[in-house]
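Peer 1: You'll find protein_26.cif just under this line, and it carries mmCIF, C-alpha atoms, pLDDT in the B column; chains and numbers go by the auth columns.
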data_model
#
loop_
_atom_site.group_PDB
_atom_site.id
_atom_site.type_symbol
_atom_site.label_atom_id
_atom_site.label_comp_id
_atom_site.label_asym_id
_atom_site.label_seq_id
_atom_site.Cartn_x
_atom_site.Cartn_y
_atom_site.Cartn_z
_atom_site.B_iso_or_equiv
_atom_site.auth_seq_id
_atom_site.auth_asym_id
ATOM 1 C CA MET A 1 -9.656 1.293 -0.459 75.00 51 A
ATOM 2 C CA LEU A 2 -7.331 1.446 2.512 86.00 52 A
ATOM 3 C CA LYS A 3 -3.789 0.187 1.965 94.00 53 A
ATOM 4 C CA CYS A 4 -1.996 -1.575 4.800 96.00 54 A
ATOM 5 C CA VAL A 5 1.672 -2.326 5.357 97.00 55 A
ATOM 6 C CA SER A 6 2.916 -5.274 7.394 97.00 56 A
ATOM 7 C CA ARG A 7 5.344 -4.978 10.284 97.00 57 A
ATOM 8 C CA ASP A 8 8.155 -6.638 8.320 97.00 58 A
ATOM 9 C CA ALA A 9 7.513 -4.513 5.226 97.00 59 A
ATOM 10 C CA LEU A 10 7.602 -1.343 7.334 98.00 60 A
ATOM 11 C CA LYS A 11 10.875 -2.459 8.950 97.00 61 A
ATOM 12 C CA LYS A 12 12.387 -3.019 5.481 97.00 62 A
ATOM 13 C CA MET A 13 11.201 0.424 4.335 97.00 63 A
ATOM 14 C CA ILE A 14 12.895 2.018 7.339 97.00 64 A
ATOM 15 C CA ASP A 15 16.084 -0.037 6.960 97.00 65 A
ATOM 16 C CA LYS A 16 16.344 0.871 3.252 97.00 66 A
ATOM 17 C CA ASN A 17 15.706 4.562 4.027 96.00 67 A
ATOM 18 C CA ASP A 18 12.737 4.575 1.671 97.00 68 A
ATOM 19 C CA ASP A 19 11.291 8.012 0.993 97.00 69 A
ATOM 20 C CA PHE A 20 8.186 8.160 3.186 98.00 70 A
ATOM 21 C CA ILE A 21 6.852 9.865 6.276 98.00 71 A
ATOM 22 C CA LEU A 22 5.987 7.712 9.293 98.00 72 A
ATOM 23 C CA VAL A 23 3.274 9.310 11.451 98.00 73 A
ATOM 24 C CA ASP A 24 2.388 8.364 15.016 98.00 74 A
ATOM 25 C CA VAL A 25 -1.235 9.465 15.539 98.00 75 A
ATOM 26 C CA LEU A 26 -1.284 8.858 19.298 98.00 76 A
ATOM 27 C CA SER A 27 -1.213 11.610 21.917 97.00 77 A
ATOM 28 C CA PRO A 28 1.895 13.761 22.432 96.00 78 A
ATOM 29 C CA GLU A 29 2.280 12.137 25.854 95.00 79 A
ATOM 30 C CA SER A 30 2.332 8.668 24.334 96.00 80 A
ATOM 31 C CA TYR A 31 4.777 9.809 21.647 96.00 81 A
ATOM 32 C CA GLU A 32 7.097 11.294 24.278 94.00 82 A
ATOM 33 C CA LYS A 33 7.007 8.030 26.222 95.00 83 A
ATOM 34 C CA GLU A 34 7.871 5.865 23.203 96.00 84 A
ATOM 35 C CA HIS A 35 7.448 5.773 19.438 97.00 85 A
ATOM 36 C CA ILE A 36 8.800 3.995 16.376 97.00 86 A
ATOM 37 C CA SER A 37 12.219 5.368 15.517 94.00 87 A
ATOM 38 C CA GLY A 38 12.045 8.057 12.863 94.00 88 A
ATOM 39 C CA SER A 39 8.343 8.800 13.217 97.00 89 A
ATOM 40 C CA ILE A 40 6.748 12.198 13.683 97.00 90 A
ATOM 41 C CA ASN A 41 3.762 12.871 15.918 97.00 91 A
ATOM 42 C CA ILE A 42 0.508 14.259 14.573 98.00 92 A
ATOM 43 C CA PRO A 43 -2.276 13.254 16.982 98.00 93 A
ATOM 44 C CA LEU A 44 -5.479 12.065 15.336 98.00 94 A
ATOM 45 C CA GLU A 45 -7.453 15.065 16.599 97.00 95 A
ATOM 46 C CA ASP A 46 -4.942 17.400 14.906 97.00 96 A
ATOM 47 C CA ILE A 47 -4.506 15.500 11.629 97.00 97 A
ATOM 48 C CA LYS A 48 -6.741 17.779 9.519 96.00 98 A
ATOM 49 C CA MET A 49 -5.175 20.974 10.806 95.00 99 A
ATOM 50 C CA LYS A 50 -1.515 19.911 10.921 96.00 100 A
ATOM 51 C CA SER A 51 -1.313 17.702 7.831 96.00 101 A
ATOM 52 C CA LYS A 52 -0.689 20.675 5.525 94.00 102 A
ATOM 53 C CA GLU A 53 2.184 21.800 7.717 95.00 103 A
ATOM 54 C CA PHE A 54 3.998 18.473 8.025 95.00 104 A
ATOM 55 C CA LEU A 55 2.934 16.285 5.091 97.00 105 A
ATOM 56 C CA LYS A 56 3.183 16.493 1.314 95.00 106 A
ATOM 57 C CA LYS A 57 0.311 15.229 -0.808 94.00 107 A
ATOM 58 C CA ASP A 58 2.573 13.411 -3.282 93.00 108 A
ATOM 59 C CA LYS A 59 4.729 11.643 -0.681 96.00 109 A
ATOM 60 C CA LYS A 60 4.162 8.159 0.750 98.00 110 A
ATOM 61 C CA ILE A 61 2.715 8.388 4.268 98.00 111 A
ATOM 62 C CA VAL A 62 2.445 5.533 6.772 98.00 112 A
ATOM 63 C CA VAL A 63 0.285 6.093 9.862 98.00 113 A
ATOM 64 C CA TYR A 64 0.234 4.000 13.021 98.00 114 A
ATOM 65 C CA CYS A 65 -1.300 3.992 16.483 98.00 115 A
ATOM 66 C CA GLY A 66 -1.096 1.743 19.555 97.00 116 A
ATOM 67 C CA SER A 67 -2.165 -1.767 18.574 97.00 117 A
ATOM 68 C CA PHE A 68 -4.468 -3.906 16.461 95.00 118 A
ATOM 69 C CA GLN A 69 -7.321 -2.925 18.807 96.00 119 A
ATOM 70 C CA CYS A 70 -6.704 0.795 18.263 95.00 120 A
ATOM 71 C CA THR A 71 -8.517 2.297 15.264 95.00 121 A
ATOM 72 C CA MET A 72 -6.912 5.738 15.221 97.00 122 A
ATOM 73 C CA SER A 73 -4.499 4.871 12.410 97.00 123 A
ATOM 74 C CA LEU A 74 -7.386 3.670 10.251 96.00 124 A
ATOM 75 C CA GLN A 75 -9.274 6.896 10.963 97.00 125 A
ATOM 76 C CA ALA A 76 -6.189 8.998 10.192 98.00 126 A
ATOM 77 C CA ALA A 77 -5.613 7.165 6.908 97.00 127 A
ATOM 78 C CA GLU A 78 -9.220 7.780 5.859 97.00 128 A
ATOM 79 C CA ILE A 79 -9.001 11.475 6.771 97.00 129 A
ATOM 80 C CA LEU A 80 -5.736 11.967 4.882 98.00 130 A
ATOM 81 C CA THR A 81 -7.120 10.184 1.824 97.00 131 A
ATOM 82 C CA LYS A 82 -10.206 12.419 1.860 96.00 132 A
ATOM 83 C CA LEU A 83 -7.914 15.463 2.145 97.00 133 A
ATOM 84 C CA GLY A 84 -6.269 14.439 -1.130 96.00 134 A
ATOM 85 C CA TYR A 85 -3.137 12.622 0.020 97.00 135 A
ATOM 86 C CA LYS A 86 -2.431 10.085 -2.708 94.00 136 A
ATOM 87 C CA ASP A 87 -0.201 7.422 -1.114 97.00 137 A
ATOM 88 C CA VAL A 88 -1.446 6.743 2.435 98.00 138 A
ATOM 89 C CA TRP A 89 -0.727 3.452 4.172 98.00 139 A
ATOM 90 C CA CYS A 90 -1.790 2.106 7.548 97.00 140 A
ATOM 91 C CA PHE A 91 0.382 0.029 9.866 97.00 141 A
ATOM 92 C CA GLU A 92 -2.431 -1.583 11.838 87.00 142 A
ATOM 93 C CA GLY A 93 -0.382 -3.482 14.416 94.00 143 A
ATOM 94 C CA GLY A 94 0.934 -0.262 15.817 97.00 144 A
ATOM 95 C CA LEU A 95 3.469 0.328 18.505 97.00 145 A
ATOM 96 C CA LYS A 96 2.626 -2.778 20.538 97.00 146 A
ATOM 97 C CA TYR A 97 3.086 -5.112 17.561 97.00 147 A
ATOM 98 C CA TRP A 98 6.304 -3.296 16.555 98.00 148 A
ATOM 99 C CA LYS A 99 7.768 -3.640 20.044 96.00 149 A
ATOM 100 C CA GLY A 100 6.699 -7.296 20.158 96.00 150 A
ATOM 101 C CA ALA A 101 9.179 -8.003 17.366 97.00 151 A
ATOM 102 C CA GLY A 102 11.957 -6.223 19.269 96.00 152 A
ATOM 103 C CA PHE A 103 12.195 -3.500 16.634 97.00 153 A
ATOM 104 C CA PRO A 104 13.709 -0.143 17.644 93.00 154 A
ATOM 105 C CA ILE A 105 11.753 2.505 19.474 95.00 155 A
ATOM 106 C CA GLU A 106 12.732 5.928 20.729 95.00 156 A
ATOM 107 C CA CYS A 107 11.659 7.954 23.727 88.00 157 A
ATOM 108 C CA SER A 108 12.291 11.491 24.867 72.00 158 A
ATOM 109 C CA LYS A 109 15.068 12.311 27.329 59.00 159 A
ATOM 110 C CA TYR A 110 12.392 13.464 29.776 53.00 160 A
ATOM 111 C CA ALA A 111 10.578 10.146 29.554 48.00 161 A
ATOM 112 C CA GLU A 112 13.863 8.278 30.117 46.00 162 A
ATOM 113 C CA ALA A 113 14.600 10.387 33.185 43.00 163 A
ATOM 114 C CA VAL A 114 11.226 9.859 34.847 44.00 164 A
ATOM 115 C CA GLY A 115 10.404 6.433 33.449 44.00 165 A
#
What does the file become when written as structure tokens?
Peer 2:
Amino acid sequence: MLKCVSRDALKKMIDKNDDFILVDVLSPESYEKEHISGSINIPLEDIKMKSKEFLKKDKKIVVYCGSFQCTMSLQAAEILTKLGYKDVWCFEGGLKYWKGAGFPIECSKYAEAVG
């Protein structure tokens, strides 16, 4: 069964420096434009191949995508669970919901310069 984390619970986890990996599963272009502070980018299409490189099977992992309408985080969570990752969570509201609360986001210097 898929485990989900709420926006406020995720914010508390970040604020408390909980030991987990936050994964943005959107495209590299989207990640460069903006992402939740502290997240890493592993696009959905690369999750099987890159998970071994960037994720540990015994560590808590939270995946997110663009919004409630986006299903990529759900797909990523299912893939990671099937690959044997034990503690996978999905933040369904994604970047749009996060930004709606005024929570911090980051963007690349390049995106700031052209945006």
Peer 1: Find, counting only C-alpha atoms, the residue in A:Leu60, A:Val73, A:Val112, A:Leu133 that gets nearest to Leu94 (chain A).
Peer 2: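 Among the listed residues, A:Val73 lies closest to Leu94 (chain A).
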Peer 1: Measure the distance from CA of Ile129 (chain A) to CA of Ile111 (chain A) in Å and round it to one decimal.
Peer 2: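 It comes out at 12.4 Å.
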Peer 1: What gap, in Å, lies between CA of Lys149 (chain A) and CA of Gly116 (chain A)?
Peer 2: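 Separation between CA of Lys149 (chain A) and CA of Gly116 (chain A): 10.4 Å.
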Peer 1: Pick out the closest residue to Lys98 (chain A) from this set: A:Lys146, A:Lys132, A:Lys62, A:Lys83. Count only C-alpha atoms.
Peer 2: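 Among A:Lys146, A:Lys132, A:Lys62, A:Lys83, it is A:Lys132 that comes nearest to Lys98 (chain A).
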Peer 1: Measuring between all atoms listed in the file, which one of A:Ile155, A:Ile90, A:Val75, A:Met63 shows the shortest distance to Leu130 (chain A)?
Peer 2: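 Among the listed residues, the smallest separation from Leu130 (chain A) belongs to A:Val75.
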Peer 1: Evaluated on this file, the PyMOL selection byres ((chain A and resi 138) around 10) picks out some residues - which ones are they, written as an MDAnalysis selection string?
Peer 2: chainID A and resid 52:54 70:71 107:113 126:131 134:137 139:140
Peer 1: Can you give me, as a VMD selection string, the residues this file yields under the PyMOL selection byres ((chain A and resi 153) around 10)?
Peer 2: chain A and resid 57 to 58 61 86 to 87 145 147 to 152 154 to 155
Peer 1: Using all atoms listed in the file for the distances, tell me which of A:Ser80, A:Asn67, A:Ile97, A:Leu105 is nearest to Ser123 (chain A).
Peer 2: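 Smallest separation from Ser123 (chain A) among the options: A:Ile97.
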Peer 1: Could you please determine the separation between CA of Thr121 (chain A) and CA of Glu84 (chain A) in Å, to one decimal place?
Peer 2: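 Computing it gives 18.6 Å between the two atoms.
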Peer 1: For the PyMOL selection byres ((chain A and resi 76) around 6), applied here, can you spell out every residue it catches as a PyMOL selection string?
Peer 2: chain A and resi 74-75+77+93+115
Peer 1: If I wrap all listed atoms of region 134-144 of chain A in a box with edges along x, y and z and add 6 Å on each side, what are its centre and edge lengths in Å to one decimal, as AutoDock Vina command-line options?
Peer 2:
--center_x -2.7 --center_y 5.5 --center_z 6.6 --size_x 19.2 --size_y 29.9 --size_z 30.5
Peer 1: Taking all atoms listed in the file into account, name the residue in A:Ile64, A:Val55, A:Leu72, A:Pro78 that is nearest to Cys157 (chain A).
Peer 2: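 Of A:Ile64, A:Val55, A:Leu72, A:Pro78, the one nearest Cys157 (chain A), counting all atoms listed in the file, is A:Pro78.
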Peer 1: Restricting the calculation to only C-alpha atoms, which member of A:Ser101, A:Glu156, A:Asn91, A:Asp65 is positioned closest to Tyr114 (chain A)?
Peer 2: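 Comparing A:Ser101, A:Glu156, A:Asn91, A:Asp65 against Tyr114 (chain A), the winner is A:Asn91.
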Peer 1: Can region 67-78 of chain A be brought up to N, CA and C atoms and written out as a JSON list (two decimals), keeping the file's coordinate frame?
Peer 2:
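Writing the result to rebuild-v2.json gives the following:
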[["chain", "number", "residue", "atom", "x", "y", "z"],
["A", 67, "ASN", "N", 15.87, 3.10, 4.11],
["A", 67, "ASN", "CA", 15.71, 4.56, 4.03],
["A", 67, "ASN", "C", 14.80, 4.97, 2.87],
["A", 68, "ASP", "N", 13.72, 4.21, 2.70],
["A", 68, "ASP", "CA", 12.74, 4.58, 1.67],
["A", 68, "ASP", "C", 12.22, 5.99, 1.95],
["A", 69, "ASP", "N", 11.77, 6.64, 0.90],
["A", 69, "ASP", "CA", 11.29, 8.01, 0.99],
["A", 69, "ASP", "C", 9.81, 8.02, 1.39],
["A", 70, "PHE", "N", 9.56, 8.10, 2.69],
["A", 70, "PHE", "CA", 8.19, 8.16, 3.19],
["A", 70, "PHE", "C", 8.19, 8.85, 4.54],
["A", 71, "ILE", "N", 7.01, 9.23, 4.97],
["A", 71, "ILE", "CA", 6.85, 9.86, 6.28],
["A", 71, "ILE", "C", 6.06, 8.91, 7.17],
["A", 72, "LEU", "N", 6.63, 8.59, 8.33],
["A", 72, "LEU", "CA", 5.99, 7.71, 9.29],
["A", 72, "LEU", "C", 5.35, 8.59, 10.37],
["A", 73, "VAL", "N", 4.02, 8.43, 10.56],
["A", 73, "VAL", "CA", 3.27, 9.31, 11.45],
["A", 73, "VAL", "C", 2.63, 8.52, 12.59],
["A", 74, "ASP", "N", 3.00, 8.88, 13.80],
["A", 74, "ASP", "CA", 2.39, 8.36, 15.02],
["A", 74, "ASP", "C", 1.17, 9.25, 15.30],
["A", 75, "VAL", "N", -0.03, 8.66, 15.34],
["A", 75, "VAL", "CA", -1.24, 9.46, 15.54],
["A", 75, "VAL", "C", -1.75, 9.41, 16.98],
["A", 76, "LEU", "N", -0.93, 8.90, 17.89],
["A", 76, "LEU", "CA", -1.28, 8.86, 19.30],
["A", 76, "LEU", "C", -1.07, 10.23, 19.94],
["A", 77, "SER", "N", -1.35, 10.34, 21.20],
["A", 77, "SER", "CA", -1.21, 11.61, 21.92],
["A", 77, "SER", "C", 0.25, 12.02, 22.04],
["A", 78, "PRO", "N", 0.52, 13.31, 22.22],
["A", 78, "PRO", "CA", 1.90, 13.76, 22.43],
["A", 78, "PRO", "C", 2.53, 13.08, 23.64]]
